[in-house]
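Okay, structure first, notes after.
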Amino acid sequence: MANHPRLILMRHAKAEAPGFGQADIDRGLTERGLADAPRMGQWLAAKGFKPDTALVSPARRTQLTWQGVCRGGGFAPSKQDEPLIYEASIHTLLGLVQGQSAPCVMLVGHNPACSDLLRYVVEEGGLRDEYAKLMPTAAVYVIDFAVPWAEIGAGTGRIVAHARPKALPDDFIGPQSERSEEDGNS
């Protein structure tokens, strides 16, 4: 990739439904979301994708997703809690991405902005219509750019890998340290 930026774009894992009187930003993850986040981190690590830094929405569900990804992937990069990601527009996310300097940046955010950003930066014909929903919960896209961060724009990126928890092979079960043979989950 020689001095060209790489963006790892991820939507938060499956979130809890809002509780009575609960603010949207305070929603946590479901049991499935708590399991999927480390699996996606493990997938990233298995593929050799390691972020140098991360931009993470302050929403509880994105923070928990990031923690799970780090645990599953064995990552400990720098992290910036970025309030602009929560309820962001595509233009806001694009501005955040264009302001980066690390070789590999991970952005953990929300839809529709994540899907919109992906559609915008990926070269024409780079997105296959193989999934009805472009970025379901915990989906990850790894995008390489042949231009510097500040020049990222429409069609400048190329998807080099993508995954979503439901599409991972059955034998890809995530971290084993959290399970035991005694609990019947082996």
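Letters A, B, ... go to the chains of the structure tokens in the order shown; residues in each chain start at 1; ligands are counted from 1 in the same order.
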
Non-local contacts of Tyr120 (chain A) (9 Å; only C-alpha atoms; under 3 positions in same chain excluded) as a ChimeraX atom specification | /A:90,115-117,123,153-157

Backbone-only DSSP, strand (DSSP E) members of region 96-128 of chain A, as a short mmCIF file (atom, residue, chain, number, x, y, z; two decimals) with N, CA and C atoms, in the first residue's frame:
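This went into part18.cif:
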data_model
loop_
_atom_site.label_atom_id
_atom_site.label_comp_id
_atom_site.auth_asym_id
_atom_site.auth_seq_id
_atom_site.Cartn_x
_atom_site.Cartn_y
_atom_site.Cartn_z
N CYS A 104 -3.44 3.73 8.56
CA CYS A 104 -4.68 2.95 8.58
C CYS A 104 -5.58 3.46 9.70
N VAL A 105 -6.73 3.97 9.31
CA VAL A 105 -7.69 4.55 10.26
C VAL A 105 -8.96 3.73 10.24
N MET A 106 -9.48 3.44 11.42
CA MET A 106 -10.77 2.77 11.54
C MET A 106 -11.80 3.78 12.02
N LEU A 107 -12.96 3.77 11.39
CA LEU A 107 -14.06 4.63 11.80
C LEU A 107 -15.22 3.74 12.19
N VAL A 108 -15.70 3.88 13.43
CA VAL A 108 -16.84 3.10 13.91
C VAL A 108 -18.00 4.07 14.10
N GLY A 109 -19.04 3.88 13.30
CA GLY A 109 -20.14 4.83 13.30
C GLY A 109 -21.50 4.20 13.09
#

Atom-to-atom span, CA of Ile143 (chain A) and CA of Leu7 (chain A), Å = 5.1 Å

Excluding Gln67 (chain A) and any residue of its chain fewer than 5 positions from it, enumerate the residues within 9 Å of it, using only C-alpha atoms, and give them as a ChimeraX atom specification.
-> /A:37-38,62,72

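Computed from the coordinates, the CA of Trp43 (chain A) to CA of Val140 (chain A) distance equals 9.6 Å.
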
Shortest interatomic distance to Ile8 (chain A) - which of A:Phe49, A:Tyr86, A:Phe75, A:Trp66, counting only C-alpha atoms |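 The shortest atom-to-atom distance to Ile8 (chain A) comes from A:Phe49.
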
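In this structure, CA of Leu168 (chain A) sits 9.0 Å away from CA of Arg39 (chain A).
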
Write out as JSON, numbers by chain which residues come within 8 Å of Glu151 (chain A) when counting only C-alpha atoms, dropping same-chain ones fewer than 3 positions away.
-> {"A": [98, 147, 148]}
